[in-house]
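Engineer: Sharing query31.cif, mmCIF, C-alpha atoms:
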data_query
loop_
_atom_site.group_PDB
_atom_site.id
_atom_site.type_symbol
_atom_site.label_atom_id
_atom_site.label_comp_id
_atom_site.auth_asym_id
_atom_site.auth_seq_id
_atom_site.Cartn_x
_atom_site.Cartn_y
_atom_site.Cartn_z
ATOM 1 C CA PRO A 1 0.866 -13.444 13.256
ATOM 2 C CA PRO A 2 0.052 -16.827 11.632
ATOM 3 C CA PRO A 3 2.037 -17.248 8.379
ATOM 4 C CA ASP A 4 -1.139 -17.563 6.313
ATOM 5 C CA MET A 5 -2.709 -14.374 7.705
ATOM 6 C CA PRO A 6 -3.032 -11.574 5.099
ATOM 7 C CA HIS A 7 -0.582 -8.727 5.694
ATOM 8 C CA VAL A 8 -1.765 -5.161 5.175
ATOM 9 C CA ILE A 9 0.078 -1.921 4.491
ATOM 10 C CA PHE A 10 -2.026 1.200 4.916
ATOM 11 C CA ILE A 11 -1.336 3.777 2.204
ATOM 12 C CA LEU A 12 -2.198 7.342 3.152
ATOM 13 C CA GLY A 13 -1.622 10.803 1.731
ATOM 14 C CA GLY A 14 -3.651 13.800 0.681
ATOM 15 C CA PRO A 15 -5.984 13.510 -2.322
ATOM 16 C CA GLY A 16 -3.770 13.733 -5.399
ATOM 17 C CA SER A 17 -0.579 12.668 -3.600
ATOM 18 C CA GLY A 18 -0.088 9.740 -5.983
ATOM 19 C CA LYS A 19 -1.203 6.864 -3.751
ATOM 20 C CA GLY A 20 -3.005 5.004 -6.535
ATOM 21 C CA THR A 21 -0.202 5.510 -9.051
ATOM 22 C CA GLN A 22 2.464 4.198 -6.683
ATOM 23 C CA CYS A 23 0.331 1.229 -5.609
ATOM 24 C CA SER A 24 -0.208 0.304 -9.252
ATOM 25 C CA LYS A 25 3.542 0.377 -9.924
ATOM 26 C CA LEU A 26 4.254 -1.732 -6.831
ATOM 27 C CA CYS A 27 1.719 -4.378 -7.844
ATOM 28 C CA THR A 28 3.168 -4.531 -11.357
ATOM 29 C CA GLU A 29 6.607 -5.352 -9.947
ATOM 30 C CA PHE A 30 5.559 -7.407 -6.923
ATOM 31 C CA ARG A 31 2.983 -9.812 -8.346
ATOM 32 C CA ARG A 32 1.757 -11.100 -4.990
ATOM 33 C CA ALA A 33 0.859 -7.618 -3.777
ATOM 34 C CA LYS A 34 -2.736 -6.481 -4.245
ATOM 35 C CA HIS A 35 -3.905 -2.861 -4.365
ATOM 36 C CA ILE A 36 -7.265 -2.252 -2.703
ATOM 37 C CA SER A 37 -8.564 1.300 -2.839
ATOM 38 C CA ALA A 38 -11.126 2.139 -0.167
ATOM 39 C CA GLY A 39 -12.409 4.910 -2.404
ATOM 40 C CA ASP A 40 -12.818 2.588 -5.410
ATOM 41 C CA LEU A 41 -14.748 0.064 -3.305
ATOM 42 C CA LEU A 42 -17.057 2.810 -2.081
ATOM 43 C CA ARG A 43 -17.567 4.199 -5.597
ATOM 44 C CA ALA A 44 -18.383 0.719 -6.910
ATOM 45 C CA GLU A 45 -20.966 0.285 -4.155
ATOM 46 C CA ARG A 46 -22.321 3.754 -4.883
ATOM 47 C CA ASN A 47 -22.868 2.848 -8.542
ATOM 48 C CA LYS A 48 -24.961 -0.230 -7.779
ATOM 49 C CA LYS A 49 -28.468 0.437 -9.054
ATOM 50 C CA GLY A 50 -31.132 0.754 -6.374
ATOM 51 C CA SER A 51 -28.651 0.627 -3.501
ATOM 52 C CA LYS A 52 -29.724 2.763 -0.523
ATOM 53 C CA GLN A 53 -26.215 2.447 0.860
ATOM 54 C CA GLY A 54 -24.894 3.620 -2.512
ATOM 55 C CA ALA A 55 -27.029 6.778 -2.372
ATOM 56 C CA MET A 56 -25.708 7.513 1.115
ATOM 57 C CA ILE A 57 -22.118 6.989 -0.066
ATOM 58 C CA GLU A 58 -22.736 9.351 -3.014
ATOM 59 C CA GLU A 59 -23.783 12.149 -0.660
ATOM 60 C CA TYR A 60 -20.805 11.639 1.659
ATOM 61 C CA ILE A 61 -18.277 11.602 -1.197
ATOM 62 C CA ARG A 62 -19.781 14.681 -2.868
ATOM 63 C CA ASP A 63 -19.599 16.646 0.391
ATOM 64 C CA GLY A 64 -16.073 15.488 1.188
ATOM 65 C CA LYS A 65 -17.155 13.721 4.386
ATOM 66 C CA ILE A 66 -15.789 10.482 5.851
ATOM 67 C CA ILE A 67 -17.925 7.396 5.219
ATOM 68 C CA PRO A 68 -19.141 5.464 8.330
ATOM 69 C CA VAL A 69 -16.397 3.021 9.239
ATOM 70 C CA GLU A 70 -18.663 -0.054 9.354
ATOM 71 C CA VAL A 71 -19.378 0.353 5.632
ATOM 72 C CA THR A 72 -15.761 0.829 4.582
ATOM 73 C CA ALA A 73 -14.216 -1.788 6.882
ATOM 74 C CA ASN A 74 -16.635 -4.499 5.772
ATOM 75 C CA LEU A 75 -16.019 -3.706 2.100
ATOM 76 C CA LEU A 76 -12.260 -3.964 2.726
ATOM 77 C CA LYS A 77 -12.627 -7.209 4.671
ATOM 78 C CA ASP A 78 -14.696 -8.784 1.880
ATOM 79 C CA ALA A 79 -12.167 -7.693 -0.763
ATOM 80 C CA ILE A 80 -9.213 -9.132 1.179
ATOM 81 C CA GLU A 81 -11.044 -12.400 1.861
ATOM 82 C CA ALA A 82 -11.827 -12.745 -1.838
ATOM 83 C CA HIS A 83 -8.142 -12.476 -2.857
ATOM 84 C CA LYS A 84 -6.102 -13.770 0.089
ATOM 85 C CA SER A 85 -5.333 -17.120 -1.541
ATOM 86 C CA ARG A 86 -3.518 -15.384 -4.425
ATOM 87 C CA PHE A 87 -1.790 -12.469 -2.680
ATOM 88 C CA ASP A 88 0.581 -12.065 0.276
ATOM 89 C CA VAL A 89 0.379 -8.319 0.937
ATOM 90 C CA PHE A 90 -2.563 -5.939 0.529
ATOM 91 C CA LEU A 91 -1.967 -2.247 -0.073
ATOM 92 C CA VAL A 92 -5.026 -0.604 1.456
ATOM 93 C CA ASP A 93 -5.199 2.823 -0.140
ATOM 94 C CA GLY A 94 -7.023 5.719 1.553
ATOM 95 C CA PHE A 95 -7.757 4.057 4.888
ATOM 96 C CA PRO A 96 -7.854 4.602 7.885
ATOM 97 C CA ARG A 97 -8.848 8.267 7.618
ATOM 98 C CA ASP A 98 -9.539 8.983 11.281
ATOM 99 C CA THR A 99 -9.334 7.383 14.718
ATOM 100 C CA LYS A 100 -12.853 5.965 14.339
ATOM 101 C CA ASN A 101 -11.622 4.148 11.225
ATOM 102 C CA VAL A 102 -8.787 2.618 13.252
ATOM 103 C CA ARG A 103 -11.164 1.374 15.944
ATOM 104 C CA GLY A 104 -13.559 0.045 13.308
ATOM 105 C CA TRP A 105 -10.723 -1.771 11.518
ATOM 106 C CA ASP A 106 -9.549 -3.348 14.777
ATOM 107 C CA LYS A 107 -13.096 -4.518 15.528
ATOM 108 C CA ILE A 108 -13.970 -5.866 12.070
ATOM 109 C CA CYS A 109 -10.595 -6.891 10.586
ATOM 110 C CA GLY A 110 -8.191 -7.022 13.532
ATOM 111 C CA GLN A 111 -8.491 -10.787 14.028
ATOM 112 C CA THR A 112 -8.100 -11.696 10.362
ATOM 113 C CA CYS A 113 -5.404 -9.295 9.067
ATOM 114 C CA HIS A 114 -1.945 -8.223 10.267
ATOM 115 C CA VAL A 115 -1.029 -4.557 9.743
ATOM 116 C CA GLU A 116 2.652 -4.268 8.791
ATOM 117 C CA MET A 117 2.939 -0.492 8.627
ATOM 118 C CA MET A 118 1.622 2.725 7.160
ATOM 119 C CA ILE A 119 3.222 4.485 4.199
ATOM 120 C CA MET A 120 2.507 8.205 4.166
ATOM 121 C CA PHE A 121 2.874 10.159 0.906
ATOM 122 C CA GLU A 122 3.553 13.776 1.837
ATOM 123 C CA CYS A 123 2.737 16.490 -0.694
ATOM 124 C CA SER A 124 2.161 20.255 -0.474
ATOM 125 C CA GLN A 125 -1.381 21.607 -0.675
ATOM 126 C CA GLU A 126 -0.477 23.650 -3.741
ATOM 127 C CA VAL A 127 0.714 20.585 -5.651
ATOM 128 C CA LEU A 128 -2.275 18.511 -4.518
ATOM 129 C CA THR A 129 -4.772 21.129 -5.712
ATOM 130 C CA LYS A 130 -3.020 21.500 -9.067
ATOM 131 C CA ARG A 131 -2.997 17.740 -9.642
ATOM 132 C CA LEU A 132 -6.655 17.267 -8.675
ATOM 133 C CA LEU A 133 -7.909 20.096 -10.888
ATOM 134 C CA ALA A 134 -5.971 18.619 -13.807
ATOM 135 C CA ARG A 135 -7.385 15.148 -13.064
ATOM 136 C CA GLY A 136 -10.904 16.537 -12.843
ATOM 137 C CA LYS A 137 -10.828 17.485 -16.519
ATOM 138 C CA THR A 138 -10.901 13.808 -17.514
ATOM 139 C CA SER A 139 -11.752 11.728 -14.406
ATOM 140 C CA GLY A 140 -15.498 12.366 -14.306
ATOM 141 C CA ARG A 141 -15.324 12.231 -10.480
ATOM 142 C CA VAL A 142 -17.839 14.488 -8.706
ATOM 143 C CA ASP A 143 -15.253 15.392 -6.050
ATOM 144 C CA ASP A 144 -12.543 16.659 -8.427
ATOM 145 C CA ASN A 145 -13.656 20.278 -8.230
ATOM 146 C CA LEU A 146 -12.218 23.165 -6.232
ATOM 147 C CA LYS A 147 -14.978 23.250 -3.596
ATOM 148 C CA SER A 148 -14.812 19.509 -2.863
ATOM 149 C CA ILE A 149 -10.998 19.552 -3.023
ATOM 150 C CA ASN A 150 -10.802 22.204 -0.305
ATOM 151 C CA LYS A 151 -13.227 20.241 1.880
ATOM 152 C CA ARG A 152 -11.261 17.027 1.373
ATOM 153 C CA LEU A 153 -7.952 18.677 2.239
ATOM 154 C CA LYS A 154 -9.450 20.271 5.372
ATOM 155 C CA THR A 155 -10.911 16.914 6.462
ATOM 156 C CA TYR A 156 -7.613 15.174 5.741
ATOM 157 C CA LEU A 157 -5.567 17.599 7.834
ATOM 158 C CA SER A 158 -7.961 17.667 10.797
ATOM 159 C CA ASP A 159 -8.966 13.987 10.951
ATOM 160 C CA THR A 160 -6.241 11.918 9.300
ATOM 161 C CA MET A 161 -3.059 13.431 10.722
ATOM 162 C CA PRO A 162 -3.775 12.157 14.285
ATOM 163 C CA VAL A 163 -3.863 8.620 12.841
ATOM 164 C CA VAL A 164 -0.528 9.190 11.101
ATOM 165 C CA LYS A 165 1.037 10.419 14.342
ATOM 166 C CA ALA A 166 -0.311 7.371 16.204
ATOM 167 C CA PHE A 167 1.422 5.005 13.742
ATOM 168 C CA GLU A 168 4.577 7.082 14.052
ATOM 169 C CA ARG A 169 4.570 6.595 17.823
ATOM 170 C CA GLN A 170 4.378 2.835 17.203
ATOM 171 C CA ASN A 171 7.365 3.013 14.796
ATOM 172 C CA LYS A 172 5.083 1.770 12.021
ATOM 173 C CA LEU A 173 5.210 4.826 9.762
ATOM 174 C CA ARG A 174 7.304 5.557 6.665
ATOM 175 C CA ARG A 175 7.060 9.080 5.248
ATOM 176 C CA ILE A 176 7.751 9.578 1.535
ATOM 177 C CA ASP A 177 8.013 12.931 -0.251
ATOM 178 C CA SER A 178 5.587 12.727 -3.181
ATOM 179 C CA ASN A 179 6.133 16.240 -4.518
ATOM 180 C CA ARG A 180 8.793 14.663 -6.745
ATOM 181 C CA PRO A 181 8.371 12.992 -10.162
ATOM 182 C CA ILE A 182 6.667 9.581 -10.155
ATOM 183 C CA ASN A 183 9.790 7.477 -10.777
ATOM 184 C CA GLN A 184 11.789 9.218 -8.039
ATOM 185 C CA VAL A 185 8.993 8.538 -5.559
ATOM 186 C CA TYR A 186 8.752 4.922 -6.700
ATOM 187 C CA SER A 187 12.462 4.216 -6.262
ATOM 188 C CA GLU A 188 12.058 5.084 -2.579
ATOM 189 C CA VAL A 189 8.779 3.288 -1.939
ATOM 190 C CA ARG A 190 9.979 0.066 -3.573
ATOM 191 C CA ARG A 191 12.919 -0.025 -1.144
ATOM 192 C CA VAL A 192 10.357 -0.081 1.651
ATOM 193 C CA MET A 193 8.282 -2.756 -0.044
ATOM 194 C CA GLU A 194 10.942 -5.227 -1.209
ATOM 195 C CA PRO A 195 12.039 -6.674 2.169
ATOM 196 C CA ILE A 196 8.400 -7.095 3.210
ATOM 197 C CA MET A 197 7.630 -9.097 0.075
ATOM 198 C CA GLN A 198 10.741 -11.219 0.593
ATOM 199 C CA ARG A 199 9.692 -12.074 4.145
ATOM 200 C CA ARG A 200 6.217 -13.025 2.954
ATOM 201 C CA LEU A 201 7.683 -15.187 0.187
ATOM 202 C CA LEU A 202 9.876 -16.963 2.726
ATOM 203 C CA GLY A 203 6.926 -17.491 5.085
ATOM 204 C CA ARG A 204 4.759 -18.904 2.293
ATOM 205 C CA ARG A 205 7.468 -21.333 1.194
ATOM 206 C CA LEU A 206 8.052 -22.545 4.722
ATOM 207 C CA LEU A 207 4.296 -22.948 5.204
ATOM 208 C CA ASN A 208 4.174 -25.094 2.067
ATOM 209 C CA GLY A 209 7.163 -27.175 3.195
ATOM 210 C CA ARG A 210 9.478 -25.741 0.534
ATOM 211 C CA LEU A 211 12.950 -24.673 1.602
ATOM 212 C CA PRO A 212 13.912 -21.252 0.205
ATOM 213 C CA SER A 213 16.931 -20.792 -2.026
ATOM 214 C CA ILE A 214 20.082 -19.084 -0.791
ATOM 215 C CA ARG A 215 19.238 -16.156 -3.074
ATOM 216 C CA THR A 216 15.804 -15.724 -1.454
ATOM 217 C CA LEU A 217 17.285 -15.753 2.051
ATOM 218 C CA LEU A 218 19.910 -13.150 1.222
ATOM 219 C CA LYS A 219 17.994 -10.799 -1.068
ATOM 220 C CA GLY A 220 16.402 -7.633 0.276
ATOM 221 C CA THR A 221 19.054 -6.462 2.746
ATOM 222 C CA VAL A 222 22.334 -4.655 2.135
ATOM 223 C CA VAL A 223 24.377 -7.270 3.999
ATOM 224 C CA GLY A 224 22.565 -10.088 2.208
ATOM 225 C CA GLU A 225 23.228 -8.554 -1.208
ATOM 226 C CA VAL A 226 26.941 -8.145 -0.400
ATOM 227 C CA ILE A 227 27.193 -11.776 0.741
ATOM 228 C CA TRP A 228 25.389 -12.963 -2.385
ATOM 229 C CA ARG A 229 27.665 -10.983 -4.714
ATOM 230 C CA VAL A 230 30.788 -12.276 -2.963
ATOM 231 C CA PHE A 231 29.378 -15.796 -3.355
ATOM 232 C CA VAL A 232 28.735 -15.268 -7.086
ATOM 233 C CA VAL A 233 32.207 -13.791 -7.704
ATOM 234 C CA SER A 234 33.884 -16.572 -5.707
ATOM 235 C CA SER A 235 31.979 -19.237 -7.652
ATOM 236 C CA HIS A 236 33.046 -17.634 -10.932
ATOM 237 C CA LEU A 237 36.714 -17.614 -9.886
ATOM 238 C CA VAL A 238 36.528 -21.277 -8.834
ATOM 239 C CA VAL A 239 35.041 -22.216 -12.201
ATOM 240 C CA GLN A 240 37.817 -20.341 -14.029
ATOM 241 C CA SER A 241 40.547 -21.983 -11.931
ATOM 242 C CA ASP A 242 39.139 -25.409 -12.851
ATOM 243 C CA GLY A 243 39.746 -24.678 -16.502
ATOM 244 C CA PHE A 244 36.135 -24.164 -17.584
ATOM 245 C CA GLY A 245 35.713 -21.659 -20.381
ATOM 246 C CA GLU A 246 39.450 -21.531 -21.286
ATOM 247 C CA PRO A 247 40.414 -21.716 -24.988
ATOM 248 C CA ALA A 248 41.421 -25.089 -26.280
#
Would you encode the structure as structure tokens?

Structural biologist:
Amino acid sequence: PPPDMPHVIFILGGPGSGKGTQCSKLCTEFRRAKHISAGDLLRAERNKKGSKQGAMIEEYIRDGKIIPVEVTANLLKDAIEAHKSRFDVFLVDGFPRDTKNVRGWDKICGQTCHVEMMIMFECSQEVLTKRLLARGKTSGRVDDNLKSINKRLKTYLSDTMPVVKAFERQNKLRRIDSNRPINQVYSEVRRVMEPIMQRRLLGRRLLNGRLPSIRTLLKGTVVGEVIWRVFVVSSHLVVQSDGFGEPA
């Protein structure tokens, strides 16, 4: 893909699997990553006064149904276009949810965005239900109730899993166990994210005519880190042998 094309990572997992939490932590550490939640975009559109599309979105969300792909894909495209000058990687949370979503994305966004991979947060149904019911006490979301939760989980399993398997066949899927505590999950997902951000940083610097530092070239891989540490230790020994830092 062209070096200035926005790169996208699809973030999927059952409702309550921690997608939003992990995306927030990633964007705090990696400042040129942007979290875009398909659900948040749809809820914002839903809350626009007098919007016929918003009323339709409200009904779909309340019933746990999948929103028509043209609506969601265009909202995502607009959000990426609005921020692509400031961010290198977009974490698209909660999309694509079925094969129609994939086809709609390819049609509407396929020429303007490069999909790096999909990260799949796997979590048991028992844990998901417990988390969502707890969230519903304070979230104010109309879909954080037991009836909607069961519909959402059923829709997720029947419609979304074929998309996950398709990315797996393309070797573009990373599965992460999100039953664990937040920080344990994050330590794994950041290891997936770091080399991607380093490649994007390198591409941006080359695009701008700036040569990357040795540290940038080496960071993000095991071999690179070993080479860098050997370099640092060797430099320190050379400095000591030249008499720097010795007592007078």

Engineer: Can you list, as a tab-separated table (two decimals) with C-alpha atoms, keeping the file's coordinate frame, the residues that the PyMOL selection byres ((chain A and resi 175) around 10) selects here?

Structural biologist:
chain	number	residue	atom	x	y	z
A	12	LEU	CA	-2.20	7.34	3.15
A	13	GLY	CA	-1.62	10.80	1.73
A	118	MET	CA	1.62	2.72	7.16
A	119	ILE	CA	3.22	4.49	4.20
A	120	MET	CA	2.51	8.20	4.17
A	121	PHE	CA	2.87	10.16	0.91
A	122	GLU	CA	3.55	13.78	1.84
A	164	VAL	CA	-0.53	9.19	11.10
A	168	GLU	CA	4.58	7.08	14.05
A	173	LEU	CA	5.21	4.83	9.76
A	174	ARG	CA	7.30	5.56	6.66
A	176	ILE	CA	7.75	9.58	1.54
A	177	ASP	CA	8.01	12.93	-0.25
A	178	SER	CA	5.59	12.73	-3.18
A	189	VAL	CA	8.78	3.29	-1.94

Engineer: From the options A:Thr72, A:Thr129, A:Thr112, A:Ser139, which residue's atoms come nearest to Gly16 in chain A, counting all atoms listed in the file?

Structural biologist: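 That would be A:Thr129, the residue with the smallest distance to Gly16 in chain A.
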
Engineer: Report the centre and edge lengths, in Å to one decimal, of an axis-aligned box enclosing every atom of range 142-146 of chain A listed in the file, padded by 3 Å on each side, as lines of an AutoDock Vina configuration file.

Structural biologist:
center_x = -15.0
center_y = 18.8
center_z = -7.4
size_x = 11.6
size_y = 14.7
size_z = 8.7

Engineer: What is the distance, in Å and to one decimal place, between CA of Arg152 in chain A and CA of Pro15 in chain A?

Structural biologist: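 Interatomic distance, CA of Arg152 in chain A to CA of Pro15 in chain A: 7.3 Å.
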
Engineer: Evaluate the PyMOL selection byres ((chain A and resi 80-97) around 8) and record the selected residues as a PyMOL selection string, following the chain and residue labels used in the document.

Structural biologist: chain A and resi 6-13+19-20+23+31-39+66+76-79+98-99+101-102+105+156+159-160+163+197+200-201

Engineer: List the spatial neighbours of range 132-138 of chain A as a list of chain:residue names - criterion: any atom at most 10 Å away, all atoms listed in the file, same-chain residues fewer than 4 positions off excluded.

Structural biologist: A:Pro15, A:Gly16, A:Ser17, A:Val127, A:Leu128, A:Val142, A:Asp143, A:Asp144, A:Asn145, A:Leu146, A:Ile149

Engineer: Enter the distance from CA of Pro1 in chain A to CA of His114 in chain A, in Å, rounded to one decimal.

Structural biologist: 6.6 Å
